[in-house]
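Enquirer: For reference, the structure I am asking about is given below.
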Amino acid sequence: MENDSNRRDFVKAAGTIVVATTPGRSPDSPELPAEALLPASPAAQTASPRNFGLEFPNGFLWGVATASYQIEGSPDADGKGKSIWDTYAHTPGKIKNGDTGDVAIDHFRRYQEDVTLIKDMGATAYRFSIAWPRVFPTGAGRPNPKGLDFYSRLVDELLSAGIKPFPTLYHWDLPQELQDKGGWQARDTAQAFAEYAGYVAKGLSDRVKHFFTLNEFQTFVDMGHRGVDLVVRGKTLKIEFAPGLKLEPRALNQVAHHAVLAHGLAVQAIRATGKPGTKVGPAEVMSIAVPVIDSPEHVKAAEIATRELNARFLNVILTGKYTGAYLKETGKDAPKFTDEDLRAISSPLDFVGVNIYVPKMYVMVSDQGPGYREVPMNVSHPKMFSSWHTFSPEVLYWGPRLLHSLYRPKEIYITENGCAASDQIAADGNVYDADRVMYLRNVMTQLHRAIAEGVPVKGNFVWSALDNFEWTDGYGTRFGMVYVDFKTQKRTPKLSAMWYREAARRNAVV
Ligand code: GBH
């Protein structure tokens with residue numbers, strides 16, 4: 001009988017962790033055999049856990065992420081130059097509690113211990129960033145080989161732990177000397193970035209196969225050069241980052257243009273100096289419009305909105321054009337650019353990396369204006385612990401799905417997703433971040449849904465491996481799966497680290 005053989009297959013499959021397509025779970029045979037739900041013994045359960053369909057494709061990367069200024073410390077070691085974050089954090093009033101990244105989590109000196117922790121949480125990939133002023137202390141001109149050596153040692157350590165290195169070339173720590181010459185307002189900065197990228201690729205691409213260019217164009221451009229007003233639960237938050245400028249629209253649009261130009265020139269430089277087969281892509285914080293209903297007209301509205309929300313960054317990178325709406329809206333304040341710039345900006349990529357935390361908005365179809373309208377967010381919409389963090393796990397489904405339907409990138413990485421929590425060491429010495437486990441289960445389930453529908457997401461990087469310097473929130477906001485006592489530098493893996501290890505081991509949501 002059909003059903004009997006289904007059951008036999010299910011029980012057999014349950015012993016080999018391959019139940020993704022088990023007929024025994026299909027709605028046609030709702031009645032599950034008791035032996036499938038209750039393993040014979042706890043030992044059998046440990047040996048062959050069943051994943052109930054939420055299994056990821058073979059080779060899916062379970063990554064964790066960090067960034068240089070947030071973890072390294074040692075701001076003067078081996079000839080490093082100052083960055084705009086050194087300057088900004090030392091400007092009174094800019095960072096909560098007057099915190100700075102001077103020591104951070106002392107990763108520069110403790111990187112070996114940290115690699116062991118990363119391995120212990122089951123990670124198969126690690127996204128870190130390279131501090132530009134370690135490698136070019138003044139931003140351009142003469143490189144500092146000793147600065148690159150640190151990352152070379154880190155890469156060796158990762159590879160010997162079986163972890164794939166995914167460096168990001170710019171996670172916001174611009175060399176201060178370049179800022180003094182105009183920073184991202186100066187076109188030369190894009191050129192200098194390409195030279196730095198080429199130098200790093202030359203030095204590391206014998207062992208590093210994947211490079212991300214810049215992290216979150218939108219964040220460092222807008223928050224660093226104008227400041228952003230964000231409305232969360234009816235309250236307006238002001239977010240500002242280094243270098244803390246307040247530019248007019250015309251200058252701001254030019255900064256955005258120089259940032260994507262830097263990306264494009266760096267892609268070309270990496271192709272020129274990197275070993276054949278070196279892969280490269282951006283790591284942008286994608287602005288996502290979530291459709292209220294999964295029906296063609298609302299999804300179309302979400303596509304229109306998402307394309308437009310990413311006009312200055314992802315869209316121009318992936319299409320080689322600024323949208324008509326963007327150019328019309330900015331008018332005389334539009335950036336100055338050439339066709340050659342657009343060709344460089346849209347240099348072919350191997351993958352697209354996107355950081356995904358929040359939806360930009362919910363949308364529905366409209367017969368007016370651009371074809372969509374924003375649906376107001378309820379004040380009651382749930383949130384995670386960070387002030388800006390609206391809890392919408394479905395963005396890990398809609399983000400990749402829309403990225404795929406709009407641009408068809410070859411490969412996608414989720415370069416960041418994670419949440420802050422009010423973590424504390426409990427009396428028994430553990431850190432019980434069950435809210436972070438809840439968060440990860442939900443977002444990974446949504447990401448799985450996108451992959452199951454054929455979206456080519458090759459890996460995910462949880463922000464963050466370890467607690468660290470959370471920019472203007474200082475050390476008060478913890479994102480890590482490992483707790484760090486910032487006084488003693490003692491590291492304690494949290495409950496979420498145990499969850500992640502099990503998920504990575506079984507390649508599934510657990
Ligand atoms: C990322 O930034 C960073 O890459 C990382 O360094 C940081 O520690 C981590 O996330 C956690 O904050 O304007 O509606 O898009 C995220 C920074 C991105 C947070 C934009 C606020 C504003 C929401 N941010 N977001 S919106």
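By order of appearance in the structure tokens: chains A, B, ..., then residues from 1 within every chain, and ligands from 1 in the order shown.
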Please identify which residues in region 145-320 of chain A DSSP calls strand (DSSP E or B) from the backbone, and express them as a VMD selection string.
Expert: chain A and resid 164 to 170 175 210 to 215 228 to 232 235 to 239 279 to 285 289 to 291
Enquirer: Could you list, as a ChimeraX atom specification, all the residues within 6 Å of ligand 1, counting only C-alpha atoms and all ligand atoms?
Expert: /A:219,360,388,470
Enquirer: CA of Tyr475 (chain A) and CA of Ser386 (chain A) are how many Å apart?
Expert: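 It comes out at 12.6 Å.
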Enquirer: Find, counting only C-alpha atoms, the residue in A:Lys410, A:Arg505, A:Arg134, A:Arg312 that gets nearest to Glu216 (chain A).
Expert: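 Result for the nearest residue to Glu216 (chain A): A:Arg312.
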Enquirer: Hey, what's within 12 Å of Gly162 (chain A) if we count only C-alpha atoms and toss same-chain stuff fewer than 4 positions away? As a ChimeraX atom specification, please?
Expert: /A:61,115-116,118-120,122-126,155-158
Enquirer: Restricting the output to all heavy atoms, write the selected residues as an mmCIF file, in the first residue's frame.
Expert:
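After the write, out.cif holds the following:
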```
data_model
loop_
_atom_site.group_PDB
_atom_site.id
_atom_site.type_symbol
_atom_site.label_atom_id
_atom_site.label_comp_id
_atom_site.auth_asym_id
_atom_site.auth_seq_id
_atom_site.Cartn_x
_atom_site.Cartn_y
_atom_site.Cartn_z
ATOM 1 N N LEU A 61 26.596 27.828 3.897
ATOM 2 C CA LEU A 61 27.578 28.287 4.887
ATOM 3 C C LEU A 61 26.894 28.889 6.110
ATOM 4 O O LEU A 61 26.050 29.777 5.991
ATOM 5 C CB LEU A 61 28.525 29.312 4.253
ATOM 6 C CG LEU A 61 29.483 28.751 3.190
ATOM 7 C CD1 LEU A 61 30.323 29.881 2.594
ATOM 8 C CD2 LEU A 61 30.381 27.660 3.767
ATOM 9 N N VAL A 115 39.145 32.690 17.181
ATOM 10 C CA VAL A 115 38.915 31.724 16.098
ATOM 11 C C VAL A 115 38.448 30.391 16.688
ATOM 12 O O VAL A 115 37.543 29.740 16.156
ATOM 13 C CB VAL A 115 40.173 31.554 15.214
ATOM 14 C CG1 VAL A 115 40.017 30.365 14.263
ATOM 15 C CG2 VAL A 115 40.445 32.836 14.429
ATOM 16 N N THR A 116 39.027 30.014 17.822
ATOM 17 C CA THR A 116 38.588 28.777 18.483
ATOM 18 C C THR A 116 37.117 28.889 18.897
ATOM 19 O O THR A 116 36.327 27.952 18.703
ATOM 20 C CB THR A 116 39.469 28.487 19.722
ATOM 21 O OG1 THR A 116 40.819 28.394 19.271
ATOM 22 C CG2 THR A 116 39.066 27.197 20.405
ATOM 23 N N ILE A 118 34.852 30.745 17.519
ATOM 24 C CA ILE A 118 34.046 30.761 16.289
ATOM 25 C C ILE A 118 33.876 29.329 15.765
ATOM 26 O O ILE A 118 32.796 28.919 15.358
ATOM 27 C CB ILE A 118 34.692 31.711 15.249
ATOM 28 C CG1 ILE A 118 34.522 33.164 15.708
ATOM 29 C CG2 ILE A 118 34.101 31.496 13.859
ATOM 30 C CD1 ILE A 118 35.381 34.174 14.957
ATOM 31 N N LYS A 119 34.957 28.579 15.849
ATOM 32 C CA LYS A 119 34.876 27.161 15.438
ATOM 33 C C LYS A 119 33.915 26.405 16.362
ATOM 34 O O LYS A 119 33.079 25.627 15.903
ATOM 35 C CB LYS A 119 36.270 26.544 15.498
ATOM 36 C CG LYS A 119 36.344 25.107 15.011
ATOM 37 C CD LYS A 119 37.768 24.586 15.177
ATOM 38 C CE LYS A 119 37.876 23.090 15.016
ATOM 39 N NZ LYS A 119 37.612 22.636 13.661
ATOM 40 N N ASP A 120 34.018 26.692 17.662
ATOM 41 C CA ASP A 120 33.178 25.975 18.627
ATOM 42 C C ASP A 120 31.694 26.289 18.452
ATOM 43 O O ASP A 120 30.847 25.516 18.908
ATOM 44 C CB ASP A 120 33.606 26.307 20.065
ATOM 45 C CG ASP A 120 34.912 25.618 20.421
ATOM 46 O OD1 ASP A 120 35.361 24.754 19.640
ATOM 47 O OD2 ASP A 120 35.494 25.964 21.472
ATOM 48 N N GLY A 122 30.297 26.291 15.714
ATOM 49 C CA GLY A 122 29.884 25.548 14.525
ATOM 50 C C GLY A 122 30.013 26.315 13.225
ATOM 51 O O GLY A 122 29.607 25.825 12.166
ATOM 52 N N ALA A 123 30.586 27.524 13.275
ATOM 53 C CA ALA A 123 30.646 28.338 12.056
ATOM 54 C C ALA A 123 31.557 27.696 11.013
ATOM 55 O O ALA A 123 32.630 27.181 11.340
ATOM 56 C CB ALA A 123 31.128 29.743 12.383
ATOM 57 N N THR A 124 31.096 27.763 9.770
ATOM 58 C CA THR A 124 31.908 27.258 8.664
ATOM 59 C C THR A 124 32.458 28.411 7.819
ATOM 60 O O THR A 124 33.206 28.192 6.869
ATOM 61 C CB THR A 124 31.079 26.318 7.771
ATOM 62 O OG1 THR A 124 29.837 26.972 7.438
ATOM 63 C CG2 THR A 124 30.767 25.021 8.506
ATOM 64 N N ALA A 125 32.065 29.636 8.156
ATOM 65 C CA ALA A 125 32.564 30.819 7.448
ATOM 66 C C ALA A 125 32.612 31.982 8.436
ATOM 67 O O ALA A 125 31.819 32.033 9.381
ATOM 68 C CB ALA A 125 31.658 31.171 6.279
ATOM 69 N N TYR A 126 33.549 32.894 8.214
ATOM 70 C CA TYR A 126 33.698 34.044 9.106
ATOM 71 C C TYR A 126 33.877 35.304 8.273
ATOM 72 O O TYR A 126 34.782 35.399 7.459
ATOM 73 C CB TYR A 126 34.903 33.834 10.028
ATOM 74 C CG TYR A 126 35.231 35.001 10.936
ATOM 75 C CD1 TYR A 126 34.242 35.634 11.688
ATOM 76 C CD2 TYR A 126 36.539 35.473 11.049
ATOM 77 C CE1 TYR A 126 34.549 36.695 12.527
ATOM 78 C CE2 TYR A 126 36.861 36.535 11.897
ATOM 79 C CZ TYR A 126 35.857 37.145 12.630
ATOM 80 O OH TYR A 126 36.160 38.196 13.452
ATOM 81 N N VAL A 155 43.792 34.813 8.623
ATOM 82 C CA VAL A 155 43.329 33.922 7.561
ATOM 83 C C VAL A 155 43.918 32.523 7.749
ATOM 84 O O VAL A 155 43.209 31.514 7.654
ATOM 85 C CB VAL A 155 43.692 34.508 6.171
ATOM 86 C CG1 VAL A 155 43.594 33.447 5.078
ATOM 87 C CG2 VAL A 155 42.782 35.694 5.845
ATOM 88 N N ASP A 156 45.204 32.442 8.056
ATOM 89 C CA ASP A 156 45.831 31.130 8.274
ATOM 90 C C ASP A 156 45.166 30.398 9.434
ATOM 91 O O ASP A 156 44.914 29.197 9.368
ATOM 92 C CB ASP A 156 47.331 31.295 8.563
ATOM 93 C CG ASP A 156 48.104 31.667 7.304
ATOM 94 O OD1 ASP A 156 47.574 31.451 6.191
ATOM 95 O OD2 ASP A 156 49.227 32.194 7.434
ATOM 96 N N GLU A 157 44.897 31.157 10.485
ATOM 97 C CA GLU A 157 44.266 30.566 11.673
ATOM 98 C C GLU A 157 42.872 30.019 11.309
ATOM 99 O O GLU A 157 42.500 28.931 11.718
ATOM 100 C CB GLU A 157 44.151 31.663 12.744
ATOM 101 C CG GLU A 157 43.894 31.176 14.132
ATOM 102 C CD GLU A 157 45.102 30.495 14.779
ATOM 103 O OE1 GLU A 157 46.244 30.710 14.309
ATOM 104 O OE2 GLU A 157 44.883 29.742 15.726
ATOM 105 N N LEU A 158 42.128 30.791 10.543
ATOM 106 C CA LEU A 158 40.784 30.367 10.137
ATOM 107 C C LEU A 158 40.846 29.107 9.281
ATOM 108 O O LEU A 158 40.116 28.146 9.509
ATOM 109 C CB LEU A 158 40.082 31.486 9.360
ATOM 110 C CG LEU A 158 39.668 32.704 10.186
ATOM 111 C CD1 LEU A 158 39.320 33.879 9.268
ATOM 112 C CD2 LEU A 158 38.474 32.378 11.095
#
```
Enquirer: Find the residue from A:Met121, A:Val443, A:Leu245, A:Val365 that sits nearest to Val290 (chain A); use only C-alpha atoms when measuring.
Expert: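 Going through A:Met121, A:Val443, A:Leu245, A:Val365 one by one, the smallest distance to Val290 (chain A) is for A:Val365.
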Enquirer: May I have the residues within 6 Å of region 90-98 of chain A as a count of residues only, using only C-alpha atoms and disregarding those fewer than 6 positions away in the same chain?
Expert: 3
Enquirer: Please produce, as a tab-separated table, a per-residue contact table for region 326-411 of chain A versus region 262-278 of chain A (criterion: any atom at most 6 Å away, only C-alpha atoms considered), showing the nearest atom pair and its distance in Å to one decimal, sorted by chain then residue number.
Expert:
```
residue	atom	partner	partner_atom	distance
A:Ala344	CA	A:Gly264	CA	4.9
A:Ile345	CA	A:Gly264	CA	4.0
A:Ser347	CA	A:Gly264	CA	5.9
```
Enquirer: Looking only at helix (DSSP H, G or I) from DSSP on the backbone, list the matching residues of region 222-283 of chain A as number ranges by chain.
Expert: A: 222-225, 249-273
Enquirer: Taking 2 positions as the minimum chain separation for residues in the same chain, which residues sit within 12 Å of Arg441 (chain A) when counting only C-alpha atoms? Answer as a ChimeraX atom specification.
Expert: /A:54,393-394,396,417-418,434-439,443-448,462,496,499-500,502-503,508-510
Enquirer: Just checking: using only C-alpha atoms, which residue out of A:His225, A:His257, A:Lys300, A:Arg501 ends up closest to Ala242 (chain A)?
Expert: A:His225
Enquirer: Do a neighbour search on Val352 (chain A) at 12 Å with only C-alpha atoms, toss out local chain neighbours closer than 5 positions, and write the hits as a PDB file with N, CA and C atoms, in the first residue's frame.
Expert:
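Dumped to part22.pdb:
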```pdb
ATOM      1  N   HIS A 210      36.859  34.882  -1.380  1.00  0.00           N
ATOM      2  CA  HIS A 210      35.695  35.779  -1.448  1.00  0.00           C
ATOM      3  C   HIS A 210      36.019  37.098  -0.772  1.00  0.00           C
ATOM      4  N   PHE A 211      35.736  38.193  -1.457  1.00  0.00           N
ATOM      5  CA  PHE A 211      35.895  39.525  -0.862  1.00  0.00           C
ATOM      6  C   PHE A 211      34.583  40.293  -0.959  1.00  0.00           C
ATOM      7  N   PHE A 212      34.216  40.963   0.115  1.00  0.00           N
ATOM      8  CA  PHE A 212      33.150  41.957   0.064  1.00  0.00           C
ATOM      9  C   PHE A 212      33.821  43.331  -0.051  1.00  0.00           C
ATOM     10  N   THR A 213      33.256  44.189  -0.851  1.00  0.00           N
ATOM     11  CA  THR A 213      33.851  45.515  -1.021  1.00  0.00           C
ATOM     12  C   THR A 213      33.493  46.402   0.169  1.00  0.00           C
ATOM     13  N   LEU A 214      32.327  47.087   0.123  1.00  0.00           N
ATOM     14  CA  LEU A 214      31.969  48.017   1.201  1.00  0.00           C
ATOM     15  C   LEU A 214      30.741  47.507   1.958  1.00  0.00           C
ATOM     16  N   ASN A 215      30.728  47.803   3.242  1.00  0.00           N
ATOM     17  CA  ASN A 215      29.595  47.430   4.089  1.00  0.00           C
ATOM     18  C   ASN A 215      28.588  48.560   4.190  1.00  0.00           C
ATOM     19  N   LYS A 279      36.420  35.668  -5.945  1.00  0.00           N
ATOM     20  CA  LYS A 279      35.043  36.158  -6.093  1.00  0.00           C
ATOM     21  C   LYS A 279      34.835  37.436  -5.305  1.00  0.00           C
ATOM     22  N   VAL A 280      33.979  38.306  -5.830  1.00  0.00           N
ATOM     23  CA  VAL A 280      33.773  39.608  -5.190  1.00  0.00           C
ATOM     24  C   VAL A 280      32.336  40.094  -5.336  1.00  0.00           C
ATOM     25  N   GLY A 281      31.893  40.813  -4.311  1.00  0.00           N
ATOM     26  CA  GLY A 281      30.554  41.411  -4.330  1.00  0.00           C
ATOM     27  C   GLY A 281      30.434  42.434  -3.204  1.00  0.00           C
ATOM     28  N   PRO A 282      29.367  43.213  -3.197  1.00  0.00           N
ATOM     29  CA  PRO A 282      29.160  44.221  -2.144  1.00  0.00           C
ATOM     30  C   PRO A 282      28.487  43.607  -0.911  1.00  0.00           C
ATOM     31  N   ALA A 283      28.385  44.380   0.153  1.00  0.00           N
ATOM     32  CA  ALA A 283      27.616  43.951   1.338  1.00  0.00           C
ATOM     33  C   ALA A 283      26.732  45.124   1.746  1.00  0.00           C
ATOM     34  N   GLU A 284      25.622  45.269   1.021  1.00  0.00           N
ATOM     35  CA  GLU A 284      24.760  46.432   1.238  1.00  0.00           C
ATOM     36  C   GLU A 284      23.612  46.107   2.191  1.00  0.00           C
ATOM     37  N   VAL A 285      23.185  47.114   2.957  1.00  0.00           N
ATOM     38  CA  VAL A 285      21.993  46.927   3.774  1.00  0.00           C
ATOM     39  C   VAL A 285      20.799  47.204   2.845  1.00  0.00           C
ATOM     40  N   MET A 286      20.146  46.125   2.445  1.00  0.00           N
ATOM     41  CA  MET A 286      19.083  46.252   1.443  1.00  0.00           C
ATOM     42  C   MET A 286      17.850  46.890   2.074  1.00  0.00           C
ATOM     43  N   LEU A 314      22.283  49.547  -4.393  1.00  0.00           N
ATOM     44  CA  LEU A 314      22.175  48.235  -5.049  1.00  0.00           C
ATOM     45  C   LEU A 314      21.686  48.332  -6.485  1.00  0.00           C
ATOM     46  N   ASN A 315      20.694  49.182  -6.708  1.00  0.00           N
ATOM     47  CA  ASN A 315      20.106  49.227  -8.049  1.00  0.00           C
ATOM     48  C   ASN A 315      21.095  49.729  -9.104  1.00  0.00           C
ATOM     49  N   ILE A 317      24.338  49.591  -8.841  1.00  0.00           N
ATOM     50  CA  ILE A 317      25.403  48.574  -8.914  1.00  0.00           C
ATOM     51  C   ILE A 317      24.964  47.415  -9.808  1.00  0.00           C
ATOM     52  N   LEU A 318      23.700  47.023  -9.705  1.00  0.00           N
ATOM     53  CA  LEU A 318      23.246  45.818 -10.408  1.00  0.00           C
ATOM     54  C   LEU A 318      22.652  46.101 -11.788  1.00  0.00           C
ATOM     55  N   GLY A 399      13.375  39.759   1.420  1.00  0.00           N
ATOM     56  CA  GLY A 399      14.606  40.392   0.924  1.00  0.00           C
ATOM     57  C   GLY A 399      15.234  39.561  -0.189  1.00  0.00           C
ATOM     58  N   PRO A 400      15.623  38.312   0.111  1.00  0.00           N
ATOM     59  CA  PRO A 400      16.211  37.482  -0.947  1.00  0.00           C
ATOM     60  C   PRO A 400      15.259  37.269  -2.130  1.00  0.00           C
ATOM     61  N   LEU A 403      15.268  40.468  -4.198  1.00  0.00           N
ATOM     62  CA  LEU A 403      16.593  40.640  -4.816  1.00  0.00           C
ATOM     63  C   LEU A 403      16.706  39.732  -6.040  1.00  0.00           C
ATOM     64  N   HIS A 404      16.213  38.521  -5.904  1.00  0.00           N
ATOM     65  CA  HIS A 404      16.258  37.533  -6.980  1.00  0.00           C
ATOM     66  C   HIS A 404      15.324  37.918  -8.125  1.00  0.00           C
ATOM     67  N   TYR A 407      16.806  41.248  -9.855  1.00  0.00           N
ATOM     68  CA  TYR A 407      18.148  41.331 -10.453  1.00  0.00           C
ATOM     69  C   TYR A 407      18.776  40.005 -10.849  1.00  0.00           C
ATOM     70  N   ARG A 408      18.207  38.890 -10.416  1.00  0.00           N
ATOM     71  CA  ARG A 408      18.773  37.573 -10.742  1.00  0.00           C
ATOM     72  C   ARG A 408      20.277  37.474 -10.478  1.00  0.00           C
ATOM     73  N   PRO A 409      20.765  37.836  -9.312  1.00  0.00           N
ATOM     74  CA  PRO A 409      22.209  37.660  -9.061  1.00  0.00           C
ATOM     75  C   PRO A 409      22.560  36.173  -9.049  1.00  0.00           C
ATOM     76  N   LYS A 410      23.819  35.880  -9.424  1.00  0.00           N
ATOM     77  CA  LYS A 410      24.244  34.473  -9.490  1.00  0.00           C
ATOM     78  C   LYS A 410      24.140  33.821  -8.122  1.00  0.00           C
ATOM     79  N   GLU A 411      24.653  34.528  -7.122  1.00  0.00           N
ATOM     80  CA  GLU A 411      24.653  33.993  -5.763  1.00  0.00           C
ATOM     81  C   GLU A 411      24.342  35.122  -4.789  1.00  0.00           C
ATOM     82  N   ILE A 412      23.748  34.746  -3.668  1.00  0.00           N
ATOM     83  CA  ILE A 412      23.419  35.730  -2.634  1.00  0.00           C
ATOM     84  C   ILE A 412      23.996  35.248  -1.305  1.00  0.00           C
ATOM     85  N   TYR A 413      24.577  36.167  -0.555  1.00  0.00           N
ATOM     86  CA  TYR A 413      24.919  35.882   0.838  1.00  0.00           C
ATOM     87  C   TYR A 413      24.160  36.846   1.736  1.00  0.00           C
ATOM     88  N   ILE A 414      23.663  36.350   2.834  1.00  0.00           N
ATOM     89  CA  ILE A 414      23.136  37.237   3.870  1.00  0.00           C
ATOM     90  C   ILE A 414      24.359  37.589   4.719  1.00  0.00           C
ATOM     91  N   THR A 415      24.864  38.798   4.528  1.00  0.00           N
ATOM     92  CA  THR A 415      26.140  39.163   5.145  1.00  0.00           C
ATOM     93  C   THR A 415      25.986  39.569   6.613  1.00  0.00           C
ATOM     94  N   PRO A 456      18.984  31.640  -4.832  1.00  0.00           N
ATOM     95  CA  PRO A 456      20.308  31.046  -4.610  1.00  0.00           C
ATOM     96  C   PRO A 456      21.097  31.677  -3.451  1.00  0.00           C
ATOM     97  N   VAL A 457      20.596  31.512  -2.237  1.00  0.00           N
ATOM     98  CA  VAL A 457      21.312  32.024  -1.061  1.00  0.00           C
ATOM     99  C   VAL A 457      22.311  30.957  -0.630  1.00  0.00           C
ATOM    100  N   LYS A 458      23.586  31.331  -0.609  1.00  0.00           N
ATOM    101  CA  LYS A 458      24.642  30.334  -0.375  1.00  0.00           C
ATOM    102  C   LYS A 458      25.130  30.311   1.067  1.00  0.00           C
ATOM    103  N   GLY A 459      24.752  31.303   1.848  1.00  0.00           N
ATOM    104  CA  GLY A 459      25.211  31.309   3.229  1.00  0.00           C
ATOM    105  C   GLY A 459      24.631  32.473   3.998  1.00  0.00           C
TER     106      GLY A 459
END
```
